[in-house]
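Asker: Below is a structure I'd like to ask you about.
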Amino acid sequence: MSDNDHVQKNWGNLPEVLDQGVETLPQLLLFQARKFGDRVLHRKKDFGIWQRFTFNDVVEQVKTFALGLASLGVKRGDTVALVGENEPELFWGEYAAQALGAKCACLYPDLTAAQMVYLLEHSEAVAVICEDQEQVDKALEIEDKIPAVGHIIYWDDRGMWKYKHPKLLKFQEVQQMGREFGQTRSDYFETEVAQGQGDDIAVISYTSGTTGLPKGCIMTHFGLFDTVFRVTGAVPMRPFTQYLSYISPAWATEQMFGITMGLFLPLVVNFPEEPETVQENLREIGTEAVVFTPRQWESLASLVESKMMDAGPIRRAFFRWGMSVGRKVNLARLEGRTPSLLWRLIYPLADQAVLFPLRDNLGLQVAYYTVSGGSGMAPDVFRFFHTMGVKLRNIFGTTEMGLFTLHQGETYDLETVGKWMPVLPRLGPSLEFKLSDEGELLVKGGSGFAGYYKNPEATDKAMPDGWYHTGDSLNMTDKKEMVYLDRLGDMRQLSTGHSYPPQFIENRLRFSPFIKECMTIGDQDKPFVSAFINIDIGTLGPWAEQRRIGYTTFTDLSQNAKIRELIKGEIEKVNYFLPEGSKVKRFINLPKELDPDEDELTRSRKIRRKFLEGKYADFITAIYDGRTEFRAEVPVKYQDGRTGILSATVHVNDLGGEGK
Amino acid sequence: MAENGHLMRTEGLHLRFGGVIALSDVSVNVDRSEILAIIGPNGAGKSCLMNCMNGFYRSQQGRVFFGKQEITNLKPHKIAALGVARTFQGMQLFPGLTVIENLLTGRHSYMKTNALTDFFYRPWTHKQEMRERRKVEEIIDFLEIKNIRHRVVGALSYGLRKRIDLGRALAMGPKLLLMDEPMAGMNLEEKEDIARFVIDIREAMDIPVVIVEHDMQVVMDVADRIYVLNFGNVIAEGPPAEIKKNPEVIKAYLGEEQPT
């Protein structure tokens with residue numbers, strides 16, 4: 001199947017919407033409402049019951065609120081800020097502001113009042129729509145610092161029954177004002193919506209800004225559309241899929257999924273009752289699609305682990321058995337292998353007894369579209385969910401350029417962040433990428449980068465030459481899947497000028513059961529990457545015994561030819577994901593265990609790089625002058641406090657015939 | 001309502017247990033919109049007064065009015081049906097039932113069907129269930145216990161169970177809420193939660209609250225008006241700021257300085 005066929009099939013008739021002249025989110029809302037009027041778009045659990053809002057209901061809510069905003073003086077080009085948890089009113093507020101041609105700035109609900117000042121000032125917000133007392137209190141606290149904000153609107157009035165402030169308005173009050181405003185201006189709303197253009201700013205999404213002040217990234221309506229087509233083109237989604245909106249709309253990903261894709265496909269967007277009830281809500285609505293952050297998936301996985309720890313021994317045994325069958329079958333299928341007949345026969349039983357109830361309890365029993373958004377999560381967490389039959393995929397991208405890569409198809413490599421997604425031709429050229437000399441991912445294509453709001457310097461810096469500089473280092477495998485290595489700032493440079501990701505290599509090596517600790521070597525004086533390995537005698541000891549490999553001491557085992565061969569294989573697995581210049585070329589199995597008592601590790605068991613470079617200087621020399629073995633003398637401290645010298649012949653091992 | 005604007009009023013209550021005088025000539029009144037606190041040292045008669053208010057104890061002398069109606073000799077469940085709800089010092093919940101079921105028991109007096117019609121689940125039973133569940137859900141929303149609505153009460157923490165107890169009192173749709181030591185045995189955070197709910201009950205639901213409490217800090221913060229009892233007598237009455245300075249109260253709490 002050619003790429004083109006694949007693309008045609010996935011998009012189906014979605015692009016037709018664009019033929020009808022739909023360019024903005026509010027236009028899309030009205031267009032879809034004409035088509036799907038009475039079908040449910042939003043659902044929110046209130047008073048224990050899932051309340052439904054059809055397309056027509058949502059249009060009515062958005063329209064009255066938009067007219068209310070208009071009567072308050074909000075006009076084309078203004079900014080409306082929104083802050084709160086995911087609730088229908090937040091979505092309606094955003095559509096309403098955009099309907100008037102205003103742009104939105106979504107803020108994280110856990111920002112402090114002081115942080116809010118900068119974002120509200122920078123975005124030039126004229127109104128801020130708050131969820132509840134918590135947010136209103138913050139807005140009122142900083143009210144004198146943000147004179148441009150004329151109105152503070154809230155929808156949950158709990159605790160605010162006695163609040164009185166000239167700028168304070170209730171969501172429903174604004175809607176009432178809208179109804180009155182609309183009486184004399186019958187087609188005001190429709191006219192305003194029709195004036196919107198695809199290149200208008202839909203949202204200013206503030207990047208968290210680990211260094212310096214946050215940057216307001218401009219997201220246009222076309223930019224949002226573009227990403228939706230990329231995602232649906234890569235992995236198809238059914239219309240009216242039950243989607244749970246949980247990640248914050250302050251994060252660009254939810255702007256793309258819940259807000260934009262919600263209208264496009266459309267989805268049934270469900271809002272959790274409270275952040276604490278997500279788990280329950282997932283299950284109640286029969287979630288079919290969900291996007292979580294890696295952190296949220298991890299906590300879901302550890303929830304299962306900890307609940308199983310509390311379970312009795314019989315249940316635990318069942319769980320372990322079911323998971324082991326799941327591993328044999330589901331992981332094999334994921335890797336494109338066919339599991340053996342025996343496992344395939346047992347699988348339905350394990351699924352019925354363990355895996356299905358597990359998925360059911362997590363509320364993922366019918367979830368077919370599960371995504372982790374971000375720069376990659378530990379593959380073990382992915383494997384955990386795949387084992388139980390949840391086909392978790394990773395999506396990766398940037399706020400600036402939209403989403404780039406997604407795990408596609410039925411077989412994909414969990415160590416990667418997925419394959420590049422297609423771009424709908426009429427929204428822009430296909431995504432292209434290249435890797436700079438430092439290993440930085442540069443991207444162009446799609447609807448492009450619209451820039452940072454009121455910050456041309458930062459815009460130029462991020463896109464100096466027509467390529468958007470992601471600041472991330474990635475690599476592509478033979479199967480055209482991308483591997484996320486590191487933030488560019490954490491890369492280390494070799495004398496050849498090439499940069500490599502030490503954290504990535506060390507973390508992946510530590511995943512190996514045979515490697516307890518490791519340290520990569522290679523700086524501006526060294527031409528290639530090498531590594532010190534501290535083997536794990538706890539697993540290698542029994543491994544050697546089973547294979548009748550005799551050994552006496554740790555030193556002896558570490559230098560054993562079979563062991564060195566095994567470790568070499570482990571390093572080669574990691575090398576697969578690395579660009580040529582970053583591959584580990586030589587390594588040494590240290591003849592003694594790294595020990596915090598000898599200052600080689602910190603008490604929290606992190607390697608002390610500088611200290612090790614000094615203590616094992618002759619090892620490093622041996623690696624880089626090309627010797628294959630040498631006589632090493634290492635000072636050791638025995639448990640009774642005596643010191644001595646460990647003297648051993650140490651082998652330097654080559655990978656892929658590199659080194660000298 | 002009462003002619004003089006009081007929602008509840010006691011007149012000259014005397015309560016004796018054998019030779020022990022628990023209350024002597026206690027006259028208090030509760031306004032239609034206030035948080036009224038009753039404080040006093042241990043054994044001052046606070047809980048006795050509350051028990052007289054909702055009919056658990058029958059005083060030997062004196063009268064109790066709720067609105068215009070005299071309720072002195074009414075049975076507790078009759079008083080409850082008039083709209084006087086209370087929470088208890090020791091909790092009286094059903095530990096084996098879920099939060100929702102416990103709250104529904106508070107709606108008992110509103111349910112008009114009988115066991116037989118309920119068994120056959122007639123349409124009116126269905127309607128009633130919908131109506132009552134909705135009321136209960138409003139309380140769940142108010143008390144922010146959505147995430148535990150299906151949990152069994154016995155498995156909940158003490159602070160949460162207290163909240164359910166409050167929820168059940170609210171489920172009765174009361175006109176007046178009596179709370180007996182709602183914060184005893186709670187940690188600071190739980191106390192703050194309850195204090196906020198007490199204020200919200202008055203503000204959002206417009207239900208006056210009478211609260212018997214030991215924690216002076218909380219009382220001073222939430223109450224509009226305070227009665228101080230000592231050895232069965234009302235020794236002071238007034239807003240918190242006045243009570244704090246009242247020499248009688250200080251004496252009752254801290255004891256008298258011995259003449260040297």
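Residues are named by chain letter and number: chains run A, B, ... in the order of the structure tokens, numbers start at 1 in each chain, and ligands are numbered from 1 in the order shown.
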Applying 12 Å and only C-alpha atoms, which residues near region 72-82 of chain B remain after dropping the ones on its own chain fewer than 4 positions away? List them as an MDAnalysis selection string.
Answerer: chainID B and resid 7:13 50:68 86:87 106:110 169:178
Asker: Write out the residues from the selection above, keeping C-alpha atoms, as a PDB file, in the first residue's frame.
Answerer:
```pdb
ATOM      1  CA  LEU B   7     -36.774  30.808  64.667  1.00  0.00           C
ATOM      2  CA  MET B   8     -36.312  28.844  67.861  1.00  0.00           C
ATOM      3  CA  ARG B   9     -36.670  29.938  71.429  1.00  0.00           C
ATOM      4  CA  THR B  10     -36.417  28.319  74.830  1.00  0.00           C
ATOM      5  CA  GLU B  11     -38.000  29.833  77.889  1.00  0.00           C
ATOM      6  CA  GLY B  12     -36.698  29.123  81.378  1.00  0.00           C
ATOM      7  CA  LEU B  13     -35.573  25.536  80.830  1.00  0.00           C
ATOM      8  CA  MET B  50     -29.272  20.872  72.348  1.00  0.00           C
ATOM      9  CA  ASN B  51     -31.024  17.654  73.363  1.00  0.00           C
ATOM     10  CA  CYS B  52     -33.869  19.700  74.788  1.00  0.00           C
ATOM     11  CA  MET B  53     -34.105  21.651  71.563  1.00  0.00           C
ATOM     12  CA  ASN B  54     -34.736  18.593  69.440  1.00  0.00           C
ATOM     13  CA  GLY B  55     -36.754  16.671  72.012  1.00  0.00           C
ATOM     14  CA  PHE B  56     -34.294  14.006  73.132  1.00  0.00           C
ATOM     15  CA  TYR B  57     -34.572  15.299  76.686  1.00  0.00           C
ATOM     16  CA  ARG B  58     -37.758  16.471  78.281  1.00  0.00           C
ATOM     17  CA  SER B  59     -37.085  19.412  80.615  1.00  0.00           C
ATOM     18  CA  GLN B  60     -38.902  19.513  83.954  1.00  0.00           C
ATOM     19  CA  GLN B  61     -39.788  23.153  83.542  1.00  0.00           C
ATOM     20  CA  GLY B  62     -39.760  25.634  80.712  1.00  0.00           C
ATOM     21  CA  ARG B  63     -40.905  25.659  77.125  1.00  0.00           C
ATOM     22  CA  VAL B  64     -39.392  25.338  73.681  1.00  0.00           C
ATOM     23  CA  PHE B  65     -40.815  27.053  70.612  1.00  0.00           C
ATOM     24  CA  PHE B  66     -40.050  26.448  66.981  1.00  0.00           C
ATOM     25  CA  GLY B  67     -41.463  29.353  65.054  1.00  0.00           C
ATOM     26  CA  LYS B  68     -44.892  29.940  66.561  1.00  0.00           C
ATOM     27  CA  ARG B  86     -29.052  17.690  63.883  1.00  0.00           C
ATOM     28  CA  THR B  87     -25.697  16.017  63.692  1.00  0.00           C
ATOM     29  CA  GLY B 106     -32.158  11.550  55.458  1.00  0.00           C
ATOM     30  CA  ARG B 107     -34.826  11.901  52.773  1.00  0.00           C
ATOM     31  CA  HIS B 108     -36.951   9.252  54.439  1.00  0.00           C
ATOM     32  CA  SER B 109     -39.628  11.603  55.647  1.00  0.00           C
ATOM     33  CA  TYR B 110     -40.217  12.800  52.070  1.00  0.00           C
ATOM     34  CA  ALA B 169     -28.840  16.227  58.266  1.00  0.00           C
ATOM     35  CA  LEU B 170     -28.912  18.513  55.230  1.00  0.00           C
ATOM     36  CA  ALA B 171     -30.756  15.888  53.203  1.00  0.00           C
ATOM     37  CA  MET B 172     -33.728  16.370  55.519  1.00  0.00           C
ATOM     38  CA  GLY B 173     -34.097  19.820  54.003  1.00  0.00           C
ATOM     39  CA  PRO B 174     -34.022  21.434  57.451  1.00  0.00           C
ATOM     40  CA  LYS B 175     -35.087  24.886  58.486  1.00  0.00           C
ATOM     41  CA  LEU B 176     -32.617  24.783  61.349  1.00  0.00           C
ATOM     42  CA  LEU B 177     -29.474  22.755  61.769  1.00  0.00           C
ATOM     43  CA  LEU B 178     -28.151  21.734  65.181  1.00  0.00           C
TER      44      LEU B 178
END
```
Asker: As a list in words, could you give me every residue of chain A near chain B (at most 9 Å apart, counting only C-alpha atoms)?
Answerer: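 The answer, sorted by residue number, is Asp46, Phe47, Gly48, Ile49, Arg158, Gly159, Met160, Trp161, Lys162, Glu273, Glu274, Glu276, Thr277, Val278 and Glu280 of chain A.
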Asker: Name the residues in contact with Ile226 (chain B) at a cut-off of 7 Å, using only C-alpha atoms, excluding same-chain residues fewer than 4 positions from it; report them as a ChimeraX atom specification.
Answerer: /B:36-38,237-240
Asker: Among the residues of region 79-209 of chain B, find those DSSP assigns to strand (DSSP E or B) from the backbone and print them as a list in words.
Answerer: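 Filtering region 79-209 of chain B down to strand (DSSP E or B) leaves Val84, Ala85, Arg86, Thr87, Thr98, Val152, Leu176, Leu177, Leu178, Met179, Asp180 and Val209 of chain B.
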Asker: How would the residues just picked look written out with N, CA and C atoms as a compact mmCIF listing (two decimals), in the first residue's frame?
Answerer:
```txt
# COMPACT_ATOMS: atom_id res chain seq x y z
N VAL B 84 -36.16 20.50 62.01
CA VAL B 84 -34.99 20.68 62.86
C VAL B 84 -34.09 19.46 62.67
N ALA B 85 -32.96 19.67 62.04
CA ALA B 85 -32.04 18.56 61.80
C ALA B 85 -30.86 18.69 62.75
N ARG B 86 -30.24 17.56 63.05
CA ARG B 86 -29.05 17.69 63.88
C ARG B 86 -28.01 16.63 63.52
N THR B 87 -26.78 16.99 63.82
CA THR B 87 -25.70 16.02 63.69
C THR B 87 -25.26 15.66 65.10
N THR B 98 -23.70 2.67 51.51
CA THR B 98 -22.85 3.62 50.80
C THR B 98 -23.23 5.04 51.20
N VAL B 152 -18.55 2.65 50.67
CA VAL B 152 -19.24 2.24 51.89
C VAL B 152 -18.76 3.12 53.03
N LEU B 176 -33.61 24.44 60.32
CA LEU B 176 -32.62 24.78 61.35
C LEU B 176 -31.71 23.58 61.52
N LEU B 177 -30.43 23.86 61.64
CA LEU B 177 -29.47 22.76 61.77
C LEU B 177 -28.77 22.86 63.12
N LEU B 178 -28.85 21.79 63.90
CA LEU B 178 -28.15 21.73 65.18
C LEU B 178 -26.93 20.84 65.01
N MET B 179 -25.78 21.34 65.39
CA MET B 179 -24.56 20.54 65.25
C MET B 179 -23.89 20.39 66.60
N ASP B 180 -23.76 19.14 67.02
CA ASP B 180 -23.15 18.87 68.32
C ASP B 180 -21.69 18.50 68.12
N VAL B 209 -27.64 27.94 61.76
CA VAL B 209 -26.93 26.81 62.36
C VAL B 209 -26.69 27.10 63.84
```
Asker: Nearest to Ile39 (chain B) among B:Glu256, B:Met216, B:Glu192, B:Pro247, with distances taken over only C-alpha atoms: which residue is it?
Answerer: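 Of the candidates, the smallest distance to Ile39 (chain B) is held by B:Met216.
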Asker: Among region 21-217 of chain B, which residues carry a DSSP assignment of helix (DSSP H, G or I), reported as a CSV table (one decimal) with C-alpha atoms, in the first residue's frame?
Answerer:
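part-v3.csv was written with the following content:
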```
chain,number,residue,atom,x,y,z
B,46,LYS,CA,-24.3,22.5,76.2
B,47,SER,CA,-25.3,19.1,74.8
B,48,CYS,CA,-28.3,18.9,77.3
B,49,LEU,CA,-29.6,22.2,75.9
B,50,MET,CA,-29.3,20.9,72.3
B,51,ASN,CA,-31.0,17.7,73.4
B,52,CYS,CA,-33.9,19.7,74.8
B,53,MET,CA,-34.1,21.7,71.6
B,76,PRO,CA,-37.9,13.9,68.5
B,77,HIS,CA,-39.1,12.5,65.1
B,78,LYS,CA,-42.0,15.0,65.1
B,79,ILE,CA,-39.6,17.8,65.7
B,80,ALA,CA,-37.4,16.6,63.0
B,81,ALA,CA,-40.3,16.5,60.6
B,82,LEU,CA,-40.9,20.2,61.4
B,99,VAL,CA,-22.7,7.4,51.1
B,100,ILE,CA,-25.6,7.8,48.7
B,101,GLU,CA,-27.7,5.3,50.7
B,102,ASN,CA,-26.9,7.0,54.0
B,103,LEU,CA,-27.9,10.4,52.6
B,104,LEU,CA,-31.1,8.9,51.2
B,105,THR,CA,-32.1,7.8,54.7
B,106,GLY,CA,-32.2,11.5,55.5
B,108,HIS,CA,-37.0,9.3,54.4
B,109,SER,CA,-39.6,11.6,55.6
B,110,TYR,CA,-40.2,12.8,52.1
B,115,ALA,CA,-42.4,-1.3,50.8
B,116,LEU,CA,-44.8,-3.2,48.6
B,117,THR,CA,-45.1,-0.6,45.8
B,118,ASP,CA,-41.3,-0.2,46.0
B,119,PHE,CA,-40.9,-3.9,45.6
B,120,PHE,CA,-42.8,-3.8,42.3
B,123,PRO,CA,-43.7,4.3,38.0
B,124,TRP,CA,-44.3,6.7,40.9
B,125,THR,CA,-41.6,4.8,42.8
B,126,HIS,CA,-39.2,5.5,39.9
B,127,LYS,CA,-40.2,9.2,39.9
B,128,GLN,CA,-39.6,9.4,43.6
B,129,GLU,CA,-36.2,7.8,43.3
B,130,MET,CA,-35.2,10.3,40.6
B,131,ARG,CA,-36.4,13.2,42.7
B,132,GLU,CA,-34.7,12.1,45.9
B,133,ARG,CA,-31.5,11.1,44.2
B,134,ARG,CA,-31.3,14.5,42.7
B,135,LYS,CA,-31.7,16.1,46.1
B,136,VAL,CA,-29.0,13.9,47.5
B,137,GLU,CA,-26.7,14.7,44.5
B,138,GLU,CA,-27.1,18.4,45.2
B,139,ILE,CA,-25.8,17.7,48.7
B,140,ILE,CA,-23.0,15.6,47.4
B,141,ASP,CA,-22.0,18.5,45.2
B,142,PHE,CA,-22.3,20.9,48.0
B,146,LYS,CA,-18.4,13.3,44.5
B,147,ASN,CA,-15.5,11.0,44.4
B,148,ILE,CA,-16.7,8.8,47.3
B,153,VAL,CA,-19.4,4.6,54.8
B,154,GLY,CA,-17.7,2.3,57.3
B,155,ALA,CA,-14.5,2.4,55.2
B,158,TYR,CA,-13.4,9.9,60.5
B,159,GLY,CA,-13.4,13.4,58.9
B,160,LEU,CA,-15.3,12.2,55.9
B,161,ARG,CA,-17.8,10.3,57.9
B,162,LYS,CA,-18.5,13.5,59.9
B,163,ARG,CA,-19.1,15.2,56.6
B,164,ILE,CA,-21.6,12.4,55.6
B,165,ASP,CA,-23.3,12.9,58.9
B,166,LEU,CA,-23.7,16.6,58.1
B,167,GLY,CA,-24.9,15.6,54.6
B,168,ARG,CA,-27.6,13.4,56.0
B,169,ALA,CA,-28.8,16.2,58.3
B,170,LEU,CA,-28.9,18.5,55.2
B,171,ALA,CA,-30.8,15.9,53.2
B,188,LEU,CA,-6.8,21.1,61.3
B,189,GLU,CA,-7.6,20.6,57.7
B,190,GLU,CA,-10.8,18.7,58.4
B,191,LYS,CA,-11.8,21.4,60.8
B,192,GLU,CA,-11.3,24.1,58.2
B,193,ASP,CA,-13.4,22.2,55.7
B,194,ILE,CA,-16.3,21.8,58.2
B,195,ALA,CA,-16.0,25.5,59.2
B,196,ARG,CA,-16.3,26.4,55.6
B,197,PHE,CA,-19.3,24.2,55.1
B,198,VAL,CA,-21.0,25.7,58.2
B,199,ILE,CA,-20.6,29.2,56.7
B,200,ASP,CA,-21.7,28.0,53.3
B,201,ILE,CA,-24.8,26.4,54.7
B,202,ARG,CA,-25.9,29.7,56.1
B,203,GLU,CA,-24.9,31.7,53.0
B,204,ALA,CA,-25.9,29.4,50.2
B,216,MET,CA,-12.7,28.3,70.6
B,217,GLN,CA,-10.7,29.3,67.6
```
Asker: Provide the CA of Ser530 (chain A) to CA of Tyr638 (chain A) distance in Å, to one decimal place.
Answerer: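 Separation between CA of Ser530 (chain A) and CA of Tyr638 (chain A): 28.7 Å.
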Asker: At a cut-off of 12 Å, using only C-alpha atoms, what residues contact region 184-187 of chain A? Leave out same-chain residues fewer than 6 positions from it and give the result as a count of residues only.
Answerer: 8
Asker: I'd like the neighbourhood of region 320-326 of chain A as a VMD selection string, where a residue qualifies if any of its atoms comes within 8 Å (using only C-alpha atoms), though same-chain residues fewer than 5 positions away should be ignored.
Answerer: chain A and resid 331 343 346 to 347 350 to 351 353 to 355 387 to 389
Asker: Could you pull the residues within 12 Å of Thr621 (chain A), counting only C-alpha atoms, minus those fewer than 3 positions along the same chain, as a ChimeraX atom specification?
Answerer: /A:521-522,525-526,530,588,613-618,624-630,632,652
Asker: Go ahead and write the residues just picked, N, CA and C atoms, as a tab-separated table (two decimals), in the first residue's frame.
Answerer:
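Wrote part-v5.tsv, looks like this:
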```tsv
chain	number	residue	atom	x	y	z
A	521	ILE	N	31.50	7.99	28.33
A	521	ILE	CA	32.70	8.83	28.28
A	521	ILE	C	32.78	9.42	26.89
A	522	GLY	N	33.25	10.62	26.82
A	522	GLY	CA	33.35	11.27	25.52
A	522	GLY	C	33.11	12.75	25.69
A	525	ASP	N	37.70	16.28	23.89
A	525	ASP	CA	39.01	15.73	23.53
A	525	ASP	C	38.89	14.34	22.93
A	526	LYS	N	37.70	13.76	22.96
A	526	LYS	CA	37.57	12.37	22.55
A	526	LYS	C	36.81	12.28	21.23
A	530	SER	N	32.39	6.16	24.47
A	530	SER	CA	32.67	4.85	25.07
A	530	SER	C	31.94	4.78	26.40
A	588	ILE	N	34.28	-0.87	28.67
A	588	ILE	CA	35.02	-1.67	29.64
A	588	ILE	C	34.05	-2.11	30.72
A	613	GLU	N	36.14	9.84	36.48
A	613	GLU	CA	37.07	10.16	35.39
A	613	GLU	C	38.50	10.25	35.92
A	614	GLY	N	38.63	10.74	37.16
A	614	GLY	CA	39.96	10.83	37.75
A	614	GLY	C	40.46	9.47	38.21
A	615	LYS	N	39.63	8.76	38.92
A	615	LYS	CA	40.05	7.49	39.50
A	615	LYS	C	40.37	6.45	38.42
A	616	TYR	N	39.59	6.49	37.36
A	616	TYR	CA	39.80	5.49	36.30
A	616	TYR	C	40.44	6.10	35.07
A	617	ALA	N	41.34	7.07	35.29
A	617	ALA	CA	41.97	7.78	34.17
A	617	ALA	C	42.71	6.83	33.24
A	618	ASP	N	43.42	5.85	33.82
A	618	ASP	CA	44.17	4.94	32.94
A	618	ASP	C	43.25	4.04	32.12
A	624	TYR	N	41.05	5.00	24.63
A	624	TYR	CA	41.27	5.90	23.49
A	624	TYR	C	42.63	5.70	22.83
A	625	ASP	N	43.57	4.93	23.45
A	625	ASP	CA	44.80	4.67	22.68
A	625	ASP	C	44.74	3.30	22.01
A	626	GLY	N	43.59	2.66	22.08
A	626	GLY	CA	43.37	1.52	21.19
A	626	GLY	C	43.82	0.17	21.74
A	627	ARG	N	44.26	0.10	23.01
A	627	ARG	CA	44.64	-1.20	23.54
A	627	ARG	C	43.41	-2.11	23.68
A	628	THR	N	43.59	-3.39	23.64
A	628	THR	CA	42.47	-4.29	23.83
A	628	THR	C	42.49	-4.91	25.22
A	629	GLU	N	43.64	-4.91	25.89
A	629	GLU	CA	43.65	-5.28	27.29
A	629	GLU	C	44.85	-4.65	27.98
A	630	PHE	N	44.69	-4.45	29.29
A	630	PHE	CA	45.79	-3.83	30.03
A	630	PHE	C	45.72	-4.26	31.49
A	632	ALA	N	45.36	-3.37	35.14
A	632	ALA	CA	44.82	-2.23	35.88
A	632	ALA	C	45.04	-2.40	37.36
A	652	VAL	N	39.39	-4.26	27.00
A	652	VAL	CA	38.65	-3.18	26.35
A	652	VAL	C	37.92	-3.80	25.17
```
Asker: Set the distance at 6 Å and use only C-alpha atoms: which residues neighbour region 12-28 of chain A once local chain neighbours fewer than 5 positions away are removed? I'd like the list as an NGL selection string.
Answerer: :A and (95 or 99 or 197-198 or 221)
Asker: Can I get the selected residues back with N, CA and C atoms, as a compact mmCIF listing (two decimals), in the first residue's frame?
Answerer:
```txt
# COMPACT_ATOMS: atom_id res chain seq x y z
N TYR A 95 -14.91 29.07 22.18
CA TYR A 95 -15.59 29.19 20.88
C TYR A 95 -16.25 30.56 20.74
N ALA A 99 -15.60 33.35 18.05
CA ALA A 99 -16.69 33.72 17.15
C ALA A 99 -16.68 35.23 16.89
N GLN A 197 -11.18 34.24 9.55
CA GLN A 197 -10.32 33.66 8.53
C GLN A 197 -9.37 32.65 9.13
N GLY A 198 -8.98 31.71 8.30
CA GLY A 198 -8.14 30.61 8.79
C GLY A 198 -6.83 31.04 9.39
N HIS A 221 -6.21 29.12 13.35
CA HIS A 221 -7.26 28.13 13.11
C HIS A 221 -6.78 27.08 12.11
```
Asker: Suppose you want the space between CA of Arg16 (chain B) and CA of Ile235 (chain B); what is it in Å?
Answerer: 18.6 Å
